[in-house]
file target02.cif (mmCIF, C-alpha atoms, pLDDT in the B column; chains and numbers go by the auth columns)
data_work
loop_
_atom_site.group_PDB
_atom_site.id
_atom_site.type_symbol
_atom_site.label_atom_id
_atom_site.label_comp_id
_atom_site.label_asym_id
_atom_site.label_seq_id
_atom_site.Cartn_x
_atom_site.Cartn_y
_atom_site.Cartn_z
_atom_site.B_iso_or_equiv
_atom_site.auth_seq_id
_atom_site.auth_asym_id
ATOM 1 C CA MET A 1 0.000 0.000 0.000 80.00 27 A
ATOM 2 C CA ILE A 2 2.881 2.322 -0.660 91.00 28 A
ATOM 3 C CA GLY A 3 4.868 3.238 -3.713 93.00 29 A
ATOM 4 C CA GLY A 4 7.767 5.470 -4.604 94.00 30 A
ATOM 5 C CA GLU A 5 11.131 6.110 -3.089 94.00 31 A
ATOM 6 C CA ASP A 6 11.604 8.764 -0.430 95.00 32 A
ATOM 7 C CA ILE A 7 14.821 10.763 -0.505 95.00 33 A
ATOM 8 C CA VAL A 8 15.271 12.838 2.639 95.00 34 A
ATOM 9 C CA VAL A 9 17.527 15.874 2.307 95.00 35 A
ATOM 10 C CA GLU A 10 18.543 17.383 5.626 95.00 36 A
ATOM 11 C CA LEU A 11 18.858 21.156 5.389 93.00 37 A
ATOM 12 C CA PRO A 12 19.618 22.430 8.883 92.00 38 A
ATOM 13 C CA GLY A 13 18.170 25.832 9.569 90.00 39 A
ATOM 14 C CA LEU A 14 16.339 26.086 6.272 91.00 40 A
ATOM 15 C CA ALA A 15 12.644 26.995 6.382 93.00 41 A
ATOM 16 C CA PRO A 16 10.055 25.406 4.058 94.00 42 A
ATOM 17 C CA SER A 17 9.343 28.861 2.657 93.00 43 A
ATOM 18 C CA VAL A 18 12.857 28.799 1.235 93.00 44 A
ATOM 19 C CA SER A 19 13.502 25.143 0.416 94.00 45 A
ATOM 20 C CA LEU A 20 10.222 24.469 -1.379 96.00 46 A
ATOM 21 C CA PRO A 21 10.402 27.388 -3.848 95.00 47 A
ATOM 22 C CA ALA A 22 14.022 26.527 -4.569 95.00 48 A
ATOM 23 C CA ALA A 23 13.126 22.907 -5.260 96.00 49 A
ATOM 24 C CA VAL A 24 10.147 23.752 -7.465 97.00 50 A
ATOM 25 C CA ARG A 25 12.230 26.317 -9.367 95.00 51 A
ATOM 26 C CA TYR A 26 14.857 23.660 -10.037 95.00 52 A
ATOM 27 C CA LEU A 27 12.297 21.161 -11.322 96.00 53 A
ATOM 28 C CA LEU A 28 10.635 23.723 -13.568 96.00 54 A
ATOM 29 C CA ASP A 29 13.989 24.558 -15.110 94.00 55 A
ATOM 30 C CA GLY A 30 14.190 20.923 -16.254 94.00 56 A
ATOM 31 C CA TRP A 31 10.505 20.529 -17.052 96.00 57 A
ATOM 32 C CA PRO A 32 9.506 23.882 -18.584 95.00 58 A
ATOM 33 C CA THR A 33 5.907 22.819 -19.240 96.00 59 A
ATOM 34 C CA ALA A 34 5.434 21.275 -15.807 97.00 60 A
ATOM 35 C CA VAL A 35 2.237 21.607 -13.807 98.00 61 A
ATOM 36 C CA THR A 36 2.581 22.162 -10.062 98.00 62 A
ATOM 37 C CA GLN A 37 -0.206 21.217 -7.675 97.00 63 A
ATOM 38 C CA ASP A 38 -0.852 22.002 -4.023 97.00 64 A
ATOM 39 C CA ALA A 39 -1.035 18.549 -2.415 97.00 65 A
ATOM 40 C CA ASP A 40 -3.532 19.683 0.202 94.00 66 A
ATOM 41 C CA THR A 41 -6.019 21.714 -1.832 94.00 67 A
ATOM 42 C CA GLY A 42 -5.494 20.320 -5.321 95.00 68 A
ATOM 43 C CA ARG A 43 -5.023 23.823 -6.706 95.00 69 A
ATOM 44 C CA ARG A 44 -2.868 23.774 -9.816 96.00 70 A
ATOM 45 C CA PHE A 45 -0.298 26.275 -11.001 97.00 71 A
ATOM 46 C CA ASP A 46 0.956 26.498 -14.557 96.00 72 A
ATOM 47 C CA ARG A 47 3.713 29.003 -13.893 95.00 73 A
ATOM 48 C CA PHE A 48 6.177 29.473 -11.093 95.00 74 A
ATOM 49 C CA GLY A 49 5.033 33.052 -10.555 94.00 75 A
ATOM 50 C CA GLU A 50 1.482 31.909 -9.812 94.00 76 A
ATOM 51 C CA ILE A 51 2.475 29.796 -6.829 95.00 77 A
ATOM 52 C CA ASP A 52 1.742 31.217 -3.414 90.00 78 A
ATOM 53 C CA PHE A 53 4.393 29.564 -1.286 92.00 79 A
ATOM 54 C CA GLY A 54 3.188 31.237 1.908 88.00 80 A
ATOM 55 C CA ASN A 55 1.689 28.209 3.619 88.00 81 A
ATOM 56 C CA LEU A 56 2.615 25.622 1.025 95.00 82 A
ATOM 57 C CA ARG A 57 4.392 22.573 2.447 96.00 83 A
ATOM 58 C CA GLU A 58 3.634 19.788 -0.016 98.00 84 A
ATOM 59 C CA VAL A 59 3.358 19.823 -3.809 98.00 85 A
ATOM 60 C CA PHE A 60 3.234 17.525 -6.795 98.00 86 A
ATOM 61 C CA VAL A 61 5.219 18.581 -9.862 98.00 87 A
ATOM 62 C CA TYR A 62 4.068 16.846 -13.060 98.00 88 A
ATOM 63 C CA ARG A 63 6.292 16.776 -16.111 97.00 89 A
ATOM 64 C CA ASP A 64 3.572 18.236 -18.332 97.00 90 A
ATOM 65 C CA GLU A 65 -0.163 18.579 -18.804 97.00 91 A
ATOM 66 C CA GLU A 66 -0.502 15.044 -20.105 97.00 92 A
ATOM 67 C CA ALA A 67 1.183 13.645 -17.009 97.00 93 A
ATOM 68 C CA PHE A 68 -1.082 15.756 -14.803 97.00 94 A
ATOM 69 C CA ASN A 69 -4.208 14.454 -16.517 96.00 95 A
ATOM 70 C CA SER A 70 -3.046 10.851 -16.449 96.00 96 A
ATOM 71 C CA TRP A 71 -2.157 10.953 -12.754 95.00 97 A
ATOM 72 C CA GLU A 72 -5.536 12.514 -12.089 93.00 98 A
ATOM 73 C CA ARG A 73 -7.215 9.625 -13.883 92.00 99 A
ATOM 74 C CA LEU A 74 -5.123 6.605 -12.876 92.00 100 A
ATOM 75 C CA GLY A 75 -2.947 7.441 -9.910 92.00 101 A
ATOM 76 C CA ALA A 76 0.387 5.641 -9.810 93.00 102 A
ATOM 77 C CA ASP A 77 -0.232 3.501 -12.872 92.00 103 A
ATOM 78 C CA ALA A 78 2.849 2.047 -14.566 92.00 104 A
ATOM 79 C CA SER A 79 2.218 4.342 -17.527 94.00 105 A
ATOM 80 C CA ASN A 80 2.766 7.318 -15.217 94.00 106 A
ATOM 81 C CA ALA A 81 6.127 6.192 -13.905 93.00 107 A
ATOM 82 C CA ASN A 82 8.708 8.939 -13.436 94.00 108 A
ATOM 83 C CA ARG A 83 6.395 11.689 -14.631 96.00 109 A
ATOM 84 C CA MET A 84 5.623 13.282 -11.278 97.00 110 A
ATOM 85 C CA ILE A 85 7.786 14.312 -8.338 98.00 111 A
ATOM 86 C CA HIS A 86 6.320 14.807 -4.882 98.00 112 A
ATOM 87 C CA LEU A 87 7.972 17.357 -2.594 98.00 113 A
ATOM 88 C CA LEU A 88 7.332 17.724 1.124 98.00 114 A
ATOM 89 C CA ALA A 89 9.024 20.483 3.084 97.00 115 A
ATOM 90 C CA SER A 90 9.418 20.912 6.804 96.00 116 A
ATOM 91 C CA ALA A 91 11.822 22.863 8.982 95.00 117 A
ATOM 92 C CA GLY A 92 15.337 21.766 8.115 95.00 118 A
ATOM 93 C CA ARG A 93 14.290 19.022 5.761 96.00 119 A
ATOM 94 C CA LEU A 94 12.964 18.338 2.270 97.00 120 A
ATOM 95 C CA THR A 95 11.582 14.953 1.224 97.00 121 A
ATOM 96 C CA ILE A 96 11.628 14.102 -2.479 97.00 122 A
ATOM 97 C CA VAL A 97 9.438 11.208 -3.626 96.00 123 A
ATOM 98 C CA VAL A 98 10.011 9.642 -7.036 96.00 124 A
ATOM 99 C CA ASP A 99 8.896 6.376 -8.593 94.00 125 A
ATOM 100 C CA ASP A 100 12.220 4.743 -9.240 91.00 126 A
ATOM 101 C CA LEU A 101 15.738 5.924 -8.557 90.00 127 A
ATOM 102 C CA GLN A 102 17.016 3.296 -10.983 90.00 128 A
ATOM 103 C CA ASP A 103 15.501 5.423 -13.716 92.00 129 A
ATOM 104 C CA ILE A 104 18.394 7.459 -15.087 94.00 130 A
ATOM 105 C CA ALA A 105 16.385 10.646 -15.596 93.00 131 A
ATOM 106 C CA SER A 106 14.858 10.511 -12.116 93.00 132 A
ATOM 107 C CA ALA A 107 18.212 9.815 -10.512 94.00 133 A
ATOM 108 C CA SER A 108 19.727 12.765 -12.346 94.00 134 A
ATOM 109 C CA ILE A 109 16.941 15.088 -11.224 95.00 135 A
ATOM 110 C CA VAL A 110 17.233 14.005 -7.615 95.00 136 A
ATOM 111 C CA ARG A 111 21.008 14.356 -7.627 94.00 137 A
ATOM 112 C CA GLY A 112 20.818 17.802 -9.167 94.00 138 A
ATOM 113 C CA LEU A 113 18.075 18.936 -6.834 95.00 139 A
ATOM 114 C CA ARG A 114 19.936 17.702 -3.783 93.00 140 A
ATOM 115 C CA ASP A 115 23.083 19.496 -4.888 92.00 141 A
ATOM 116 C CA ARG A 116 21.148 22.678 -5.587 91.00 142 A
ATOM 117 C CA LEU A 117 19.604 22.627 -2.143 90.00 143 A
ATOM 118 C CA ARG A 118 22.791 21.766 -0.331 86.00 144 A
ATOM 119 C CA PHE A 119 25.332 23.786 -2.247 83.00 145 A
ATOM 120 C CA GLY A 120 23.495 26.020 -4.691 76.00 146 A
ATOM 121 C CA MET A 121 22.301 28.410 -2.030 62.00 147 A
ATOM 122 C CA PRO A 122 25.564 29.239 -0.246 49.00 148 A
ATOM 123 C CA TRP A 123 23.929 31.504 2.311 51.00 149 A
ATOM 124 C CA PHE A 124 21.965 28.501 3.552 50.00 150 A
ATOM 125 C CA ALA A 125 24.657 25.856 3.256 46.00 151 A
ATOM 126 C CA PRO A 126 25.104 23.854 6.444 47.00 152 A
ATOM 127 C CA GLY A 127 27.681 25.463 8.654 42.00 153 A
ATOM 128 C CA VAL A 128 27.465 28.835 6.949 39.00 154 A
ATOM 129 C CA ASP A 129 25.941 31.516 9.105 38.00 155 A
ATOM 130 C CA ALA A 130 23.101 33.334 7.374 36.00 156 A
ATOM 131 C CA GLU A 131 24.266 36.721 8.646 35.00 157 A
ATOM 132 C CA ALA A 132 27.784 36.190 7.386 35.00 158 A
ATOM 133 C CA ALA A 133 26.515 35.500 3.881 31.00 159 A
ATOM 134 C CA MET B 1 -1.489 8.886 16.138 50.00 9 B
ATOM 135 C CA THR B 2 -5.002 9.272 17.527 64.00 10 B
ATOM 136 C CA SER B 3 -7.116 9.134 14.370 83.00 11 B
ATOM 137 C CA PRO B 4 -8.270 5.857 12.805 96.00 12 B
ATOM 138 C CA ILE B 5 -5.757 3.902 10.793 98.00 13 B
ATOM 139 C CA PHE B 6 -6.601 2.763 7.265 98.00 14 B
ATOM 140 C CA HIS B 7 -5.329 0.103 4.941 98.00 15 B
ATOM 141 C CA TYR B 8 -6.367 0.396 1.285 97.00 16 B
ATOM 142 C CA THR B 9 -6.271 -2.523 -1.080 96.00 17 B
ATOM 143 C CA ASN B 10 -7.694 -4.084 -4.210 94.00 18 B
ATOM 144 C CA ASP B 11 -10.233 -6.851 -4.655 94.00 19 B
ATOM 145 C CA SER B 12 -7.893 -9.765 -4.025 95.00 20 B
ATOM 146 C CA GLY B 13 -6.338 -8.081 -1.013 95.00 21 B
ATOM 147 C CA TYR B 14 -9.734 -7.382 0.449 96.00 22 B
ATOM 148 C CA LYS B 15 -10.816 -10.986 0.125 96.00 23 B
ATOM 149 C CA ALA B 16 -7.632 -12.295 1.712 96.00 24 B
ATOM 150 C CA ILE B 17 -7.613 -9.920 4.688 97.00 25 B
ATOM 151 C CA SER B 18 -11.316 -10.192 5.416 95.00 26 B
ATOM 152 C CA SER B 19 -11.321 -13.988 5.263 95.00 27 B
ATOM 153 C CA SER B 20 -10.666 -14.333 8.993 93.00 28 B
ATOM 154 C CA PRO B 21 -12.309 -12.681 12.034 96.00 29 B
ATOM 155 C CA ASP B 22 -9.003 -11.092 13.037 97.00 30 B
ATOM 156 C CA TRP B 23 -7.568 -9.116 10.151 98.00 31 B
ATOM 157 C CA LEU B 24 -4.080 -10.177 9.144 97.00 32 B
ATOM 158 C CA PHE B 25 -2.023 -7.674 7.155 97.00 33 B
ATOM 159 C CA ARG B 26 0.965 -9.508 5.798 96.00 34 B
ATOM 160 C CA ALA B 27 4.352 -7.813 5.723 96.00 35 B
ATOM 161 C CA ALA B 28 5.737 -7.621 2.202 94.00 36 B
ATOM 162 C CA GLN B 29 8.400 -5.776 0.290 93.00 37 B
ATOM 163 C CA PRO B 30 6.925 -2.682 -1.399 88.00 38 B
ATOM 164 C CA PRO B 31 7.517 -2.443 -5.155 81.00 39 B
ATOM 165 C CA GLY B 32 10.726 -0.890 -6.398 78.00 40 B
ATOM 166 C CA ASP B 33 14.174 -0.824 -4.890 79.00 41 B
ATOM 167 C CA PRO B 34 14.185 -2.956 -1.714 82.00 42 B
ATOM 168 C CA LYS B 35 16.507 -0.418 -0.122 82.00 43 B
ATOM 169 C CA ALA B 36 13.884 2.318 -0.474 83.00 44 B
ATOM 170 C CA HIS B 37 11.442 1.002 2.106 88.00 45 B
ATOM 171 C CA PRO B 38 11.583 -1.849 4.587 89.00 46 B
ATOM 172 C CA SER B 39 9.496 -4.932 4.139 94.00 47 B
ATOM 173 C CA GLY B 40 6.314 -4.406 6.107 96.00 48 B
ATOM 174 C CA ALA B 41 2.573 -3.953 6.281 97.00 49 B
ATOM 175 C CA TYR B 42 1.764 -0.348 5.390 97.00 50 B
ATOM 176 C CA PHE B 43 -1.011 1.911 6.660 98.00 51 B
ATOM 177 C CA THR B 44 -2.120 5.529 6.646 98.00 52 B
ATOM 178 C CA ASP B 45 -4.309 7.868 8.634 97.00 53 B
ATOM 179 C CA LEU B 46 -5.524 9.577 5.455 97.00 54 B
ATOM 180 C CA PRO B 47 -9.255 8.948 4.987 95.00 55 B
ATOM 181 C CA GLU B 48 -10.796 7.964 1.691 93.00 56 B
ATOM 182 C CA ASN B 49 -12.145 11.486 1.124 92.00 57 B
ATOM 183 C CA GLU B 50 -8.599 12.826 1.042 92.00 58 B
ATOM 184 C CA PRO B 51 -8.564 14.215 -2.513 87.00 59 B
ATOM 185 C CA MET B 52 -4.923 13.396 -3.265 94.00 60 B
ATOM 186 C CA LEU B 53 -4.904 9.968 -1.670 95.00 61 B
ATOM 187 C CA ALA B 54 -3.438 7.875 -4.510 94.00 62 B
ATOM 188 C CA ARG B 55 -0.813 10.494 -5.208 96.00 63 B
ATOM 189 C CA LYS B 56 0.272 10.830 -1.594 97.00 64 B
ATOM 190 C CA LEU B 57 0.541 7.062 -1.169 96.00 65 B
ATOM 191 C CA ARG B 58 1.827 6.758 -4.740 96.00 66 B
ATOM 192 C CA ILE B 59 -0.301 3.754 -5.575 94.00 67 B
ATOM 193 C CA PRO B 60 -2.611 2.958 -8.493 93.00 68 B
ATOM 194 C CA LYS B 61 -6.185 4.060 -8.085 91.00 69 B
ATOM 195 C CA GLU B 62 -7.190 0.434 -8.411 91.00 70 B
ATOM 196 C CA LYS B 63 -5.649 -0.219 -4.997 93.00 71 B
ATOM 197 C CA LEU B 64 -8.046 2.207 -3.354 95.00 72 B
ATOM 198 C CA ARG B 65 -11.123 0.132 -4.057 95.00 73 B
ATOM 199 C CA TYR B 66 -11.398 -1.320 -0.549 97.00 74 B
ATOM 200 C CA VAL B 67 -10.520 -0.108 2.908 97.00 75 B
ATOM 201 C CA PHE B 68 -9.990 -1.521 6.379 98.00 76 B
ATOM 202 C CA ALA B 69 -10.309 0.965 9.243 98.00 77 B
ATOM 203 C CA PHE B 70 -9.249 0.236 12.789 98.00 78 B
ATOM 204 C CA ILE B 71 -8.297 1.833 16.081 97.00 79 B
ATOM 205 C CA ASP B 72 -4.680 2.821 16.408 97.00 80 B
ATOM 206 C CA ALA B 73 -2.729 0.962 19.074 96.00 81 B
ATOM 207 C CA GLY B 74 0.294 3.234 18.815 95.00 82 B
ATOM 208 C CA ASP B 75 2.576 0.395 17.763 97.00 83 B
ATOM 209 C CA LEU B 76 3.275 1.364 14.159 97.00 84 B
ATOM 210 C CA HIS B 77 6.438 3.005 12.866 97.00 85 B
ATOM 211 C CA ARG B 78 6.410 6.216 10.881 96.00 86 B
ATOM 212 C CA LEU B 79 7.873 6.163 7.389 96.00 87 B
ATOM 213 C CA ARG B 80 11.208 7.971 7.197 94.00 88 B
ATOM 214 C CA GLY B 81 10.864 11.527 5.907 96.00 89 B
ATOM 215 C CA ASP B 82 7.823 13.784 5.757 97.00 90 B
ATOM 216 C CA ARG B 83 5.493 11.146 4.317 97.00 91 B
ATOM 217 C CA GLY B 84 5.835 9.751 7.806 97.00 92 B
ATOM 218 C CA ARG B 85 3.273 12.359 8.797 96.00 93 B
ATOM 219 C CA TYR B 86 0.651 10.051 7.314 97.00 94 B
ATOM 220 C CA ILE B 87 2.242 6.712 6.357 97.00 95 B
ATOM 221 C CA PHE B 88 3.017 4.077 8.977 97.00 96 B
ATOM 222 C CA TYR B 89 4.184 0.495 8.883 97.00 97 B
ATOM 223 C CA SER B 90 4.751 -2.677 10.832 98.00 98 B
ATOM 224 C CA ARG B 91 7.923 -4.611 10.092 96.00 99 B
ATOM 225 C CA VAL B 92 6.128 -7.908 10.646 97.00 100 B
ATOM 226 C CA ASP B 93 2.688 -9.298 9.870 97.00 101 B
ATOM 227 C CA TYR B 94 0.144 -7.154 11.670 98.00 102 B
ATOM 228 C CA VAL B 95 -2.994 -8.515 13.311 98.00 103 B
ATOM 229 C CA VAL B 96 -6.030 -6.392 14.169 98.00 104 B
ATOM 230 C CA ASN B 97 -8.442 -8.186 16.453 97.00 105 B
ATOM 231 C CA ARG B 98 -12.181 -7.634 16.381 96.00 106 B
ATOM 232 C CA GLU B 99 -12.153 -5.173 19.275 96.00 107 B
ATOM 233 C CA ARG B 100 -10.067 -2.739 17.234 97.00 108 B
ATOM 234 C CA GLN B 101 -11.906 -3.133 13.944 97.00 109 B
ATOM 235 C CA LEU B 102 -14.045 -0.164 12.866 97.00 110 B
ATOM 236 C CA ARG B 103 -15.208 -1.062 9.377 96.00 111 B
ATOM 237 C CA SER B 104 -14.207 -2.648 6.099 97.00 112 B
ATOM 238 C CA GLY B 105 -15.585 -2.677 2.605 96.00 113 B
ATOM 239 C CA ALA B 106 -15.679 -0.819 -0.674 96.00 114 B
ATOM 240 C CA THR B 107 -14.597 2.804 -0.715 94.00 115 B
ATOM 241 C CA MET B 108 -16.535 5.626 -2.331 82.00 116 B
ATOM 242 C CA ILE B 109 -13.688 6.118 -4.775 78.00 117 B
ATOM 243 C CA ASP B 110 -14.949 5.229 -8.242 63.00 118 B
ATOM 244 C CA SER B 111 -13.516 5.561 -11.686 50.00 119 B
ATOM 245 C CA GLU B 112 -14.475 9.240 -11.831 48.00 120 B
ATOM 246 C CA GLY B 113 -13.205 10.076 -8.363 49.00 121 B
ATOM 247 C CA ARG B 114 -10.143 12.175 -7.752 50.00 122 B
ATOM 248 C CA THR B 115 -7.053 10.465 -6.454 48.00 123 B
#
call {"tool": "encode", "arguments": {"input": "target02.cif", "output": "structure tokens"}}
result
Amino acid sequence: MIGGEDIVVELPGLAPSVSLPAAVRYLLDGWPTAVTQDADTGRRFDRFGEIDFGNLREVFVYRDEEAFNSWERLGADASNANRMIHLLASAGRLTIVVDDLQDIASASIVRGLRDRLRFGMPWFAPGVDAEAA
Amino acid sequence: MTSPIFHYTNDSGYKAISSSPDWLFRAAQPPGDPKAHPSGAYFTDLPENEPMLARKLRIPKEKLRYVFAFIDAGDLHRLRGDRGRYIFYSRVDYVVNRERQLRSGATMIDSEGRT
């Protein structure tokens, strides 16, 4: 009764209001026609600028409109594999859920996203004081 | 964990679990990389009217056809990471006796329902 693989990225001191936009921005750079969806309300966003990250803690990012529609219809059907990434943010942590890390594209996205979150925002890198940056 | 615990399944799973007075949820290895999640019996506290249920559990809609609901005994582990807010598991076969059983049967999730 569970699917997917959960990758937990520890980001000490980083608030969800920072980690989640950074993660979504990264995914949208790779999937320019992606659809983002609030996992609690179901509200969809077609552009990064539309997303109100204020209270957002959990989103689904679909590769494109077709993936969005198919997930809506079938859920985690085999035909939908590796076409949606689930992000959950909490204080100091981001969880990335994908279908299969053996999939080369998914593994590449996760690796890139993890590096972006850990090292791509130097003012939030572990051990670096926010004031000093 | 104070809310009811749910286990969603398909037709064959429903028949197997409901075949005895005490429900037996067998521990099994979830699909995919065995290193991703431990072998276990998996549960959630998300009710069937949760609109993103299949997506949050990342299972096919077909596996939401039936549900078992029971009283939490506080003995389940949380999944590692933030899905652990709503996904729990037992590392071994998990038995729910009749005193803890709340209901079982078909869900209201049909082919037109949101997942």
call {"tool": "residues_near_point", "arguments": {"input": "target02.cif", "point": "(12.6, 10.6, -4.5)", "cutoff": "10 Å", "atoms": "all atoms listed in the file", "output": "list in words"}}
result
Gly30, Glu31, Asp32, Ile33, Val34, Val35, Asn108, Ile111, His112, Leu113, Thr121, Ile122, Val123, Val124, Asp125, Asp126, Leu127, Ser132, Ala133, Ile135, Val136 and Arg137 of chain A; Ala44 of chain B
call {"tool": "resolve_selection", "arguments": {"input": "target02.cif", "expression": "the PyMOL selection byres ((chain B) within 8 of (chain A))", "output": "mmCIF file with C-alpha atoms, in the frame of the given file"}}
result
data_model
loop_
_atom_site.group_PDB
_atom_site.id
_atom_site.type_symbol
_atom_site.label_atom_id
_atom_site.label_comp_id
_atom_site.auth_asym_id
_atom_site.auth_seq_id
_atom_site.Cartn_x
_atom_site.Cartn_y
_atom_site.Cartn_z
ATOM 1 C CA HIS B 15 -5.329 0.103 4.941
ATOM 2 C CA TYR B 16 -6.367 0.396 1.285
ATOM 3 C CA THR B 17 -6.271 -2.523 -1.080
ATOM 4 C CA PRO B 38 6.925 -2.682 -1.399
ATOM 5 C CA PRO B 39 7.517 -2.443 -5.155
ATOM 6 C CA GLY B 40 10.726 -0.890 -6.398
ATOM 7 C CA ASP B 41 14.174 -0.824 -4.890
ATOM 8 C CA ALA B 44 13.884 2.318 -0.474
ATOM 9 C CA HIS B 45 11.442 1.002 2.106
ATOM 10 C CA ALA B 49 2.573 -3.953 6.281
ATOM 11 C CA TYR B 50 1.764 -0.348 5.390
ATOM 12 C CA PHE B 51 -1.011 1.911 6.660
ATOM 13 C CA PRO B 59 -8.564 14.215 -2.513
ATOM 14 C CA MET B 60 -4.923 13.396 -3.265
ATOM 15 C CA ALA B 62 -3.438 7.875 -4.510
ATOM 16 C CA ARG B 63 -0.813 10.494 -5.208
ATOM 17 C CA LYS B 64 0.272 10.830 -1.594
ATOM 18 C CA LEU B 65 0.541 7.062 -1.169
ATOM 19 C CA ARG B 66 1.827 6.758 -4.740
ATOM 20 C CA ILE B 67 -0.301 3.754 -5.575
ATOM 21 C CA PRO B 68 -2.611 2.958 -8.493
ATOM 22 C CA LYS B 69 -6.185 4.060 -8.085
ATOM 23 C CA GLU B 70 -7.190 0.434 -8.411
ATOM 24 C CA LYS B 71 -5.649 -0.219 -4.997
ATOM 25 C CA ARG B 88 11.208 7.971 7.197
ATOM 26 C CA GLY B 89 10.864 11.527 5.907
ATOM 27 C CA ASP B 90 7.823 13.784 5.757
ATOM 28 C CA ARG B 91 5.493 11.146 4.317
ATOM 29 C CA SER B 119 -13.516 5.561 -11.686
ATOM 30 C CA GLU B 120 -14.475 9.240 -11.831
ATOM 31 C CA ARG B 122 -10.143 12.175 -7.752
ATOM 32 C CA THR B 123 -7.053 10.465 -6.454
#
call {"tool": "residues_near_point", "arguments": {"input": "target02.cif", "point": "(-2.2, 12.4, 9.7)", "cutoff": "8 Å", "atoms": "all atoms listed in the file", "output": "JSON, numbers by chain"}}
result
{"B": [9, 11, 52, 53, 54, 93, 94, 95]}
call {"tool": "atom_distance", "arguments": {"input": "target02.cif", "atom1": "atom CA of Ala114 of chain B", "atom2": "atom CA of Ile79 of chain B"}}
result
18.5 Å
call {"tool": "axis_aligned_box", "arguments": {"input": "target02.cif", "around": "segment 68-75 of chain A", "padding_each_side": "5 Å", "output": "JSON"}}
result
{"center_x": 0.3, "center_y": 26.7, "center_z": -9.9, "size_x": 21.7, "size_y": 22.7, "size_z": 19.2}
call {"tool": "residues_around", "arguments": {"input": "target02.cif", "residues": "Thr115 of chain B", "least_positions_apart": "2", "cutoff": "6 Å", "atoms": "all atoms listed in the file", "output": "list in words"}}
result
Arg73, Tyr74 and Ile117 of chain B
call {"tool": "resolve_selection", "arguments": {"input": "target02.cif", "expression": "the PyMOL selection byres ((chain A and resi 37) around 9)", "output": "NGL selection string"}}
result
:A and (35-36 or 38-41 or 45 or 117-120 or 143-144 or 150-152)
call {"tool": "atom_distance", "arguments": {"input": "target02.cif", "atom1": "atom CA of Glu91 of chain A", "atom2": "atom CA of Ala131 of chain A"}}
result
18.6 Å
call {"tool": "closest_residue", "arguments": {"input": "target02.cif", "among": "A:Val87, A:Val61, A:Ala48, A:Leu82", "to": "Phe145 of chain A", "atoms": "only C-alpha atoms"}}
result
A:Ala48
call {"tool": "residues_around", "arguments": {"input": "target02.cif", "residues": "Asp78 of chain A", "least_positions_apart": "5", "cutoff": "12 Å", "atoms": "all atoms listed in the file", "output": "PyMOL selection string"}}
result
chain A and resi 43+46-47+50+62-64+69-71+73+83+85
call {"tool": "atom_distance", "arguments": {"input": "target02.cif", "atom1": "atom CA of Trp57 of chain A", "atom2": "atom CA of Leu87 of chain B"}}
result
28.5 Å
call {"tool": "residues_around", "arguments": {"input": "target02.cif", "residues": "Pro46 of chain B", "least_positions_apart": "3", "cutoff": "9 Å", "atoms": "all atoms listed in the file", "output": "PDB file with C-alpha atoms, in the frame of the given file"}}
result
ATOM      1  CA  ALA B  36       5.737  -7.621   2.202  1.00 94.00           C
ATOM      2  CA  GLN B  37       8.400  -5.776   0.290  1.00 93.00           C
ATOM      3  CA  PRO B  38       6.925  -2.682  -1.399  1.00 88.00           C
ATOM      4  CA  PRO B  42      14.185  -2.956  -1.714  1.00 82.00           C
ATOM      5  CA  LYS B  43      16.507  -0.418  -0.122  1.00 82.00           C
ATOM      6  CA  TYR B  97       4.184   0.495   8.883  1.00 97.00           C
ATOM      7  CA  ARG B  99       7.923  -4.611  10.092  1.00 96.00           C
TER       8      ARG B  99
END
call {"tool": "residues_around", "arguments": {"input": "target02.cif", "residues": "Tyr102 of chain B", "least_positions_apart": "3", "cutoff": "9 Å", "atoms": "only C-alpha atoms", "output": "PDB file with C-alpha atoms, in the coordinates of the input"}}
result
ATOM      1  CA  TRP B  31      -7.568  -9.116  10.151  1.00 98.00           C
ATOM      2  CA  LEU B  32      -4.080 -10.177   9.144  1.00 97.00           C
ATOM      3  CA  PHE B  33      -2.023  -7.674   7.155  1.00 97.00           C
ATOM      4  CA  ARG B  34       0.965  -9.508   5.798  1.00 96.00           C
ATOM      5  CA  ALA B  35       4.352  -7.813   5.723  1.00 96.00           C
ATOM      6  CA  GLY B  48       6.314  -4.406   6.107  1.00 96.00           C
ATOM      7  CA  ALA B  49       2.573  -3.953   6.281  1.00 97.00           C
ATOM      8  CA  SER B  98       4.751  -2.677  10.832  1.00 98.00           C
ATOM      9  CA  ARG B  99       7.923  -4.611  10.092  1.00 96.00           C
TER      10      ARG B  99
END
call {"tool": "closest_residue", "arguments": {"input": "target02.cif", "among": "A:Pro42, A:Ser96, A:Pro58, A:Ser105", "to": "Gly80 of chain A", "atoms": "all atoms listed in the file"}}
result
A:Pro42
